[in-house]
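Chemist: Quick one, my_file_19.tsv (TSV, C-alpha atoms and all ligand atoms):
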chain	number	residue	atom	x	y	z
A	284	MET	CA	4.23	273.75	60.54
A	285	LYS	CA	3.65	272.19	57.10
A	286	LYS	CA	6.17	269.64	55.89
A	287	THR	CA	8.17	269.76	52.68
A	288	LEU	CA	10.01	266.79	51.20
A	289	ILE	CA	12.90	267.68	48.91
A	290	ILE	CA	13.91	265.07	46.35
A	291	SER	CA	17.19	266.23	44.88
A	292	TYR	CA	19.27	264.71	42.12
A	293	THR	CA	21.75	267.46	41.32
A	294	PRO	CA	25.17	265.76	41.30
A	295	ARG	CA	27.07	268.09	38.96
A	296	GLU	CA	29.50	270.60	40.44
A	297	ASN	CA	27.97	274.07	40.07
A	298	SER	CA	24.64	272.50	39.13
A	299	ASN	CA	22.17	275.09	37.89
A	300	THR	CA	19.25	272.98	39.06
A	301	LYS	CA	20.82	272.95	42.52
A	302	ARG	CA	21.05	276.76	42.44
A	303	MET	CA	17.30	276.89	41.86
A	304	LEU	CA	16.72	274.39	44.66
A	305	ASP	CA	19.07	276.24	47.03
A	306	PHE	CA	17.07	279.40	46.42
A	307	PHE	CA	13.86	277.55	47.24
A	308	ILE	CA	15.37	276.31	50.52
A	309	GLU	CA	16.84	279.71	51.53
A	310	ASN	CA	13.55	281.36	50.78
A	311	ASN	CA	11.41	278.92	52.73
A	312	GLN	CA	13.38	277.14	55.45
A	313	ASP	CA	11.80	279.21	58.21
A	314	LYS	CA	8.29	278.59	56.85
A	315	THR	CA	8.26	274.80	56.55
A	316	GLU	CA	9.83	271.70	58.07
A	317	ILE	CA	12.17	270.31	55.42
A	318	THR	CA	13.23	266.68	54.87
A	319	PHE	CA	16.07	266.58	52.36
A	320	VAL	CA	16.58	263.44	50.28
A	321	ASP	CA	19.80	263.42	48.24
A	322	LEU	CA	19.32	260.86	45.48
A	323	ALA	CA	22.86	261.57	44.23
A	324	ALA	CA	24.16	260.15	47.52
A	325	GLU	CA	21.75	257.25	47.98
A	326	ALA	CA	19.42	255.97	45.27
A	327	PRO	CA	16.32	253.81	45.78
A	328	ASP	CA	16.72	250.10	44.99
A	329	LEU	CA	15.99	249.18	41.39
A	330	LEU	CA	13.12	246.72	41.14
A	331	LEU	CA	15.05	243.52	40.49
A	332	LYS	CA	13.81	239.94	40.72
A	333	GLU	CA	13.67	239.49	44.50
A	334	ASN	CA	12.25	242.84	45.60
A	335	LEU	CA	9.89	243.18	42.62
A	336	ASN	CA	8.22	239.86	43.43
A	337	LEU	CA	8.02	240.65	47.12
A	338	TYR	CA	6.41	244.00	46.30
A	339	VAL	CA	3.90	242.45	43.87
A	340	ASN	CA	3.00	239.65	46.28
A	341	ARG	CA	2.55	242.08	49.17
A	342	ASN	CA	0.85	245.04	47.50
A	343	PHE	CA	-1.21	243.25	44.83
A	344	GLY	CA	-1.51	239.71	46.24
A	345	GLY	CA	-2.22	240.59	49.87
A	346	VAL	CA	0.55	238.25	51.01
A	347	ALA	CA	1.92	238.90	54.51
A	348	LEU	CA	5.71	239.03	54.25
A	349	THR	CA	8.08	237.67	56.87
A	350	GLU	CA	10.19	240.19	58.74
A	351	GLU	CA	13.18	239.17	56.66
A	352	GLU	CA	11.27	239.65	53.38
A	353	GLN	CA	9.92	242.97	54.62
A	354	SER	CA	13.46	244.12	55.33
A	355	VAL	CA	14.29	243.66	51.62
A	356	LEU	CA	11.66	246.32	50.85
A	357	ALA	CA	12.53	248.57	53.79
A	358	LYS	CA	14.67	251.05	51.90
A	359	ASN	CA	12.08	251.78	49.21
A	360	ASP	CA	9.26	251.76	51.78
A	361	LYS	CA	11.11	254.50	53.65
A	362	PHE	CA	11.01	256.71	50.55
A	363	ARG	CA	7.27	255.94	50.25
A	364	ASP	CA	6.63	256.80	53.89
A	365	GLN	CA	8.47	260.12	53.52
A	366	LEU	CA	6.10	260.98	50.69
A	367	LEU	CA	3.02	259.87	52.63
A	368	ALA	CA	4.08	262.07	55.56
A	369	THR	CA	4.58	265.32	53.65
A	370	ASP	CA	2.39	268.25	52.57
A	371	PHE	CA	4.67	269.45	49.77
A	372	VAL	CA	7.28	267.87	47.50
A	373	VAL	CA	10.01	269.69	45.60
A	374	LEU	CA	11.73	267.52	43.01
A	375	ALA	CA	14.92	268.96	41.50
A	376	SER	CA	16.68	267.29	38.60
A	377	PRO	CA	18.31	267.96	35.24
A	378	MET	CA	16.93	266.29	32.11
A	379	PHE	CA	18.95	263.24	31.07
A	380	ASN	CA	18.58	261.75	27.59
A	381	PHE	CA	15.13	263.23	26.90
A	382	SER	CA	13.75	261.91	30.17
A	383	VAL	CA	14.40	261.82	33.90
A	384	PRO	CA	17.65	260.41	35.32
A	385	ALA	CA	17.37	256.75	36.39
A	386	THR	CA	17.58	257.77	40.07
A	387	ILE	CA	14.41	259.86	39.72
A	388	LYS	CA	12.61	257.03	37.91
A	389	ALA	CA	13.78	254.66	40.68
A	390	TRP	CA	12.27	257.04	43.28
A	391	PHE	CA	8.89	256.91	41.53
A	392	ASP	CA	9.18	253.11	41.23
A	393	ALA	CA	9.74	253.07	45.00
A	394	VAL	CA	6.91	255.39	46.04
A	395	ILE	CA	4.14	254.52	43.57
A	396	GLN	CA	2.73	251.64	45.60
A	397	SER	CA	-0.65	250.01	45.21
A	398	GLY	CA	-2.73	250.35	48.36
A	399	LYS	CA	-0.47	253.10	49.70
A	400	THR	CA	-0.11	255.97	47.24
A	401	PHE	CA	-2.78	254.84	44.75
A	402	THR	CA	-5.63	252.36	44.78
A	403	TYR	CA	-8.21	250.76	42.52
A	404	THR	CA	-11.86	251.79	42.88
A	405	GLU	CA	-15.06	250.89	41.02
A	406	THR	CA	-14.58	253.96	38.86
A	407	GLY	CA	-10.88	253.46	38.18
A	408	ILE	CA	-7.57	254.35	39.73
A	409	LYS	CA	-7.48	256.87	42.54
A	410	GLY	CA	-4.43	258.66	43.92
A	411	LEU	CA	-4.16	258.56	47.69
A	412	CYS	CA	-1.99	261.66	48.21
A	413	GLU	CA	-4.64	264.20	47.35
A	414	ASN	CA	-3.59	266.72	49.98
A	415	THR	CA	-0.04	266.89	48.67
A	416	LYS	CA	1.31	269.41	46.17
A	417	ALA	CA	4.51	269.17	44.15
A	418	LEU	CA	6.93	271.48	42.43
A	419	ILE	CA	9.33	270.23	39.75
A	420	LEU	CA	12.56	272.17	39.16
A	421	MET	CA	14.25	271.05	35.95
A	422	THR	CA	16.94	272.29	33.60
A	423	SER	CA	18.18	270.97	30.27
A	424	GLY	CA	20.98	271.79	27.83
A	425	SER	CA	18.78	272.29	24.74
A	426	ASP	CA	15.58	274.23	24.24
A	427	PHE	CA	12.65	271.85	24.77
A	428	GLU	CA	10.07	274.65	24.45
A	429	ILE	CA	10.41	274.52	20.65
A	430	GLU	CA	10.83	271.82	17.99
A	431	PRO	CA	12.69	269.64	17.14
A	432	TYR	CA	12.94	268.83	20.86
A	433	LYS	CA	9.57	269.96	22.20
A	434	SER	CA	7.80	266.75	21.13
A	435	VAL	CA	10.52	264.55	22.63
A	436	ASN	CA	10.44	265.99	26.14
A	437	PHE	CA	9.52	262.77	27.94
A	438	ALA	CA	10.61	264.16	31.31
A	439	THR	CA	7.88	266.73	32.05
A	440	PRO	CA	4.89	264.62	30.90
A	441	PHE	CA	6.22	261.68	32.90
A	442	LEU	CA	6.73	263.72	36.07
A	443	LEU	CA	3.33	265.44	35.91
A	444	THR	CA	1.56	262.13	35.13
A	445	ALA	CA	3.37	260.17	37.84
A	446	PHE	CA	2.52	262.77	40.49
A	447	ASP	CA	-1.07	263.01	39.23
A	448	PHE	CA	-1.38	259.20	39.41
A	449	MET	CA	-0.79	259.50	43.16
A	450	GLY	CA	-3.31	262.35	43.43
A	451	ILE	CA	-0.61	265.00	43.67
A	452	THR	CA	-1.10	268.28	41.83
A	453	ALA	CA	2.27	269.26	40.40
A	454	GLU	CA	3.63	272.27	38.60
A	455	ALA	CA	6.96	272.65	36.88
A	456	ILE	CA	9.54	275.39	36.63
A	457	ASN	CA	11.59	274.35	33.62
A	458	LYS	CA	14.64	276.24	32.50
A	459	PHE	CA	15.39	274.56	29.21
A	460	GLY	CA	18.38	275.52	27.04
A	461	MET	CA	21.07	276.16	29.65
A	462	ILE	CA	23.81	275.13	27.17
A	463	GLN	CA	22.10	276.32	23.99
A	464	TYR	CA	21.58	279.78	25.49
A	465	ALA	CA	24.62	279.78	27.79
A	466	ASP	CA	24.84	283.59	27.60
A	467	LYS	CA	21.30	283.79	29.03
A	468	SER	CA	21.68	281.14	31.74
A	469	GLU	CA	22.03	283.70	34.56
A	470	GLN	CA	18.90	285.44	33.36
A	471	MET	CA	17.06	282.11	33.28
A	472	ILE	CA	18.10	281.36	36.87
A	473	GLU	CA	16.84	284.80	37.94
A	474	GLU	CA	13.51	284.08	36.19
A	475	ALA	CA	13.32	280.73	37.99
A	476	LYS	CA	13.88	282.49	41.33
A	477	GLU	CA	10.96	284.80	40.58
A	478	ASN	CA	8.77	281.78	39.73
A	479	ILE	CA	9.91	280.07	42.94
A	480	ARG	CA	9.00	283.16	44.98
A	481	THR	CA	5.50	283.14	43.49
A	482	ILE	CA	4.92	279.46	44.26
A	483	SER	CA	6.42	279.74	47.74
A	484	TYR	CA	4.05	282.58	48.52
A	485	LYS	CA	1.12	280.46	47.33
A	486	TRP	CA	2.22	277.40	49.33
A	487	TYR	CA	3.25	278.89	52.65
A	488	VAL	CA	0.78	281.74	53.26
B	501	LIG	C1	24.02	262.24	31.25
B	501	LIG	C2	23.47	263.52	30.70
B	501	LIG	C3	22.40	263.48	29.82
B	501	LIG	C4	21.85	264.67	29.34
B	501	LIG	N1	20.79	264.62	28.48
B	501	LIG	C5	20.26	265.76	28.00
B	501	LIG	C6	19.16	265.76	27.11
B	501	LIG	O1	18.60	264.73	26.76
B	501	LIG	N2	18.72	266.95	26.63
B	501	LIG	C7	19.28	268.14	26.99
B	501	LIG	O2	18.84	269.16	26.53
B	501	LIG	N3	20.31	268.18	27.86
B	501	LIG	C8	20.81	267.03	28.36
B	501	LIG	N4	21.86	267.07	29.23
B	501	LIG	C9	22.33	268.39	29.71
B	501	LIG	C10	21.73	268.73	31.05
B	501	LIG	O3	20.35	268.43	31.12
B	501	LIG	C11	21.88	270.22	31.30
B	501	LIG	O4	23.21	270.61	31.16
B	501	LIG	C12	21.35	270.56	32.67
B	501	LIG	O5	21.13	271.96	32.75
B	501	LIG	C13	22.32	270.13	33.76
B	501	LIG	O6	21.77	270.45	35.00
B	501	LIG	P1	22.71	270.83	36.22
B	501	LIG	O7	23.34	272.16	35.93
B	501	LIG	O8	21.78	270.86	37.37
B	501	LIG	O9	23.73	269.74	36.34
B	501	LIG	C14	22.41	265.90	29.73
B	501	LIG	C15	23.49	265.93	30.61
B	501	LIG	C16	24.03	264.76	31.10
B	501	LIG	C17	25.18	264.81	32.06
Will you turn the file into C-alpha cells for me?
Modeler:
Amino acid sequence: MKKTLIISYTPRENSNTKRMLDFFIENNQDKTEITFVDLAAEAPDLLLKENLNLYVNRNFGGVALTEEEQSVLAKNDKFRDQLLATDFVVLASPMFNFSVPATIKAWFDAVIQSGKTFTYTETGIKGLCENTKALILMTSGSDFEIEPYKSVNFATPFLLTAFDFMGITAEAINKFGMIQYADKSEQMIEEAKENIRTISYKWYV
C-alpha cells in the first residue's frame, strides 16, 4: 500500500483547512497508509546557532558528528526521514501574514537537506524525492486570486518552489477569501471536496 504523509498545521477551533484535510483522510484512509504529523502540537526545531552549525558541518562539510551532536539534529532528521519514506504528502495550512505560518517554514527548513532531499550535480541542483507527489490545502481570509492581494501571495509560490526543489511535483487546492466571502465559505469547502476527490482518484487508482 502506498504511503501518505500528512503535515497539518490547523490549530484554530473549527478550522476550515482542517475540514478539507479531514475530508481527504475520510476519503482515502482505506486506500493508503497514513502518517499524521501535527505541527500545531509539535513544531520542528528552528535553526538556531548550535543546530544550524551542526547541520552545515554535517551536510555541506562532510563532518562526522558525535552521537551527542547527532542527537541535537534528531528531531528535524525524523521529519526528513518521514518525507523520504513517503509516496505522497498532503500539507494543510492557513495563510498567515501573506506567507506560510512559521511552523510550516520550520518543517521545510528541517526537511530540505543537502545530500538527502536535494543534491548538487554538474548541471545544477537536483531534487532527490522525484517519486513523491504533494498536495497543498490552503485557506485565507482575503481573496488572493485577484489584486491587490494576488501579487503578494508569498505562500503558494514558496510551497510549490520548495517542493519542486526537492523534486516533488505539487499541486494546490486554495480556498482564498474565507472571511471576505463568509457567506460562500460552505460552498468553497464543497468545491474543495470535489477537487480533493479528483486528486485522490488520480493518486490512489
Ligand atoms: C495569525 C494570522 C495571520 C493571518 N494572515 C492572513 C493573511 O495574511 N491573509 C489573509 O487573507 N488571511 C490571513 N489570516 C486569516 C486566515 O488565513 C483565514 O481565516 C484562514 O481561512 C484560517 O484557516 P483555518 O480556518 O484553517 O484556521 C490570518 C489569520 C491568522 C490567525
Chemist: So that I can check the surroundings of Leu329 of chain A, please list as a list in words every protein, DNA and RNA residue that reaches within 12 Å of it, counting all atoms listed in the file and ignoring chain neighbours fewer than 2 positions away.
Modeler: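 Final neighbour list, sorted by chain and number: Glu325, Ala326, Pro327, Leu331, Lys332, Glu333, Asn334, Leu335, Tyr338, Val355, Leu356, Lys358, Asn359, Ala385, Thr386, Ile387, Lys388, Ala389, Trp390, Phe391, Asp392, Ala393 and Val394 of chain A.
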Chemist: Determine the nearest neighbour of Leu367 of chain A from the options A:Pro431, A:Gly398, A:Gly407, A:Gly424, counting all atoms listed in the file.
Modeler: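 Distance minimum relative to Leu367 of chain A lands on A:Gly398.
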Chemist: Determine the nearest neighbour of Thr402 of chain A from the options A:Ala465, A:Met449, A:Ile317, A:Ala455, counting all atoms listed in the file.
Modeler: A:Met449
Chemist: Per residue of chain A within 7 Å of ligand LIG 501 (chain B), note the shortest atom pair and the distance in Å to one decimal, counting all atoms listed in the file, and order the rows by chain and increasing residue number, as CSV.
Modeler:
residue,atom,partner,partner_atom,distance
A:Thr293,CA,B:LIG501,O8,5.2
A:Pro294,CA,B:LIG501,O9,6.5
A:Arg295,CA,B:LIG501,O9,4.6
A:Asn297,CA,B:LIG501,O7,6.5
A:Ser298,CA,B:LIG501,O7,3.5
A:Asn299,CA,B:LIG501,O7,3.7
A:Thr300,CA,B:LIG501,O8,3.7
A:Lys301,CA,B:LIG501,O8,5.6
A:Ser376,CA,B:LIG501,O8,6.3
A:Pro377,CA,B:LIG501,O6,4.3
A:Met378,CA,B:LIG501,O3,4.2
A:Phe379,CA,B:LIG501,N1,3.5
A:Asn380,CA,B:LIG501,O1,3.1
A:Phe381,CA,B:LIG501,O1,3.8
A:Ser382,CA,B:LIG501,O1,6.6
A:Thr422,CA,B:LIG501,O5,4.3
A:Ser423,CA,B:LIG501,O3,3.4
A:Gly424,CA,B:LIG501,O2,3.6
A:Ser425,CA,B:LIG501,O2,3.6
A:Asp426,CA,B:LIG501,O2,6.4
A:Phe427,CA,B:LIG501,O2,7.0
A:Phe459,CA,B:LIG501,O2,6.9
A:Gly460,CA,B:LIG501,O2,6.4
A:Met461,CA,B:LIG501,O5,5.2
A:Ile462,CA,B:LIG501,O4,6.1
Chemist: Only C-alpha atoms, please: the residues just picked out, written as a tab-separated table (two decimals), in the frame of the given file.
Modeler:
chain	number	residue	atom	x	y	z
A	293	THR	CA	21.75	267.46	41.32
A	294	PRO	CA	25.17	265.76	41.30
A	295	ARG	CA	27.07	268.09	38.96
A	297	ASN	CA	27.97	274.07	40.07
A	298	SER	CA	24.64	272.50	39.13
A	299	ASN	CA	22.17	275.09	37.89
A	300	THR	CA	19.25	272.98	39.06
A	301	LYS	CA	20.82	272.95	42.52
A	376	SER	CA	16.68	267.29	38.60
A	377	PRO	CA	18.31	267.96	35.24
A	378	MET	CA	16.93	266.29	32.11
A	379	PHE	CA	18.95	263.24	31.07
A	380	ASN	CA	18.58	261.75	27.59
A	381	PHE	CA	15.13	263.23	26.90
A	382	SER	CA	13.75	261.91	30.17
A	422	THR	CA	16.94	272.29	33.60
A	423	SER	CA	18.18	270.97	30.27
A	424	GLY	CA	20.98	271.79	27.83
A	425	SER	CA	18.78	272.29	24.74
A	426	ASP	CA	15.58	274.23	24.24
A	427	PHE	CA	12.65	271.85	24.77
A	459	PHE	CA	15.39	274.56	29.21
A	460	GLY	CA	18.38	275.52	27.04
A	461	MET	CA	21.07	276.16	29.65
A	462	ILE	CA	23.81	275.13	27.17
Chemist: Go ahead and find all residues with at least one atom no further than 10 Å from (12.4, 264.0, 43.8) in the file's coordinates, using all atoms listed in the file; report them as a PyMOL selection string.
Modeler: chain A and resi 288-292+319-322+366+372-376+386-391+417-420+442
Chemist: By how many Å are atom CA of Met303 of chain A and atom CA of Gly410 of chain A apart?
Modeler: 28.4 Å
Chemist: Considering all atoms listed in the file, can you say which of A:Gln463, A:Asn310, A:Thr481, A:Lys416 comes closest to Asp370 of chain A?
Modeler: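 Closest to Asp370 of chain A, using all atoms listed in the file: A:Lys416.
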Chemist: What's the 12 Å shell around Asp313 of chain A, counting only C-alpha atoms, without same-chain residues fewer than 2 positions away, as a list in words?
Modeler: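 Contacts, with the query itself left out: Met284, Lys285, Lys286, Thr287, Phe307, Ile308, Glu309, Asn310, Asn311, Thr315, Glu316, Ile317, Ser483 and Tyr487 of chain A.
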Chemist: Let me have the centre and edge lengths in Å, one decimal, of the box along x, y and z around every listed atom of segment 319-337 of chain A with 8 Å of margin on each side, as JSON.
Modeler:
{"center_x": 16.1, "center_y": 253.0, "center_z": 46.4, "size_x": 32.1, "size_y": 43.1, "size_z": 27.9}
Chemist: Could you tell me which of A:Asn457, A:Thr406, A:Thr318, A:Thr349 comes closest to Ile479 of chain A if we count all atoms listed in the file?
Modeler: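 Residue with the minimum atom-to-atom distance to Ile479 of chain A: A:Asn457.
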Chemist: Would you mind reading off the distance between atom CA of Ala475 of chain A and atom CA of Asp305 of chain A, one decimal, in Å?
Modeler: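 Straight-line distance from atom CA of Ala475 of chain A to atom CA of Asp305 of chain A works out to 11.6 Å.
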Chemist: Have a look at atom CA of Ile408 of chain A and atom CA of Phe448 of chain A and let me know their distance in Å, one decimal.
Modeler: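 Interatomic distance here is 7.9 Å.
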Chemist: Could you check the closest approach to Lys485 of chain A for each of A:Phe441, A:Phe343, A:Phe306, A:Phe371 and tell me which residue wins, using only C-alpha atoms?
Modeler: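 Closest candidate: A:Phe371.
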Chemist: Name the closest residue to Glu352 of chain A among the candidates A:Gln365, A:Thr452, A:Thr444, A:Asn336; distances are taken between atoms, counting all atoms listed in the file.
Modeler: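 So, comparing all the options, the nearest one is A:Asn336.
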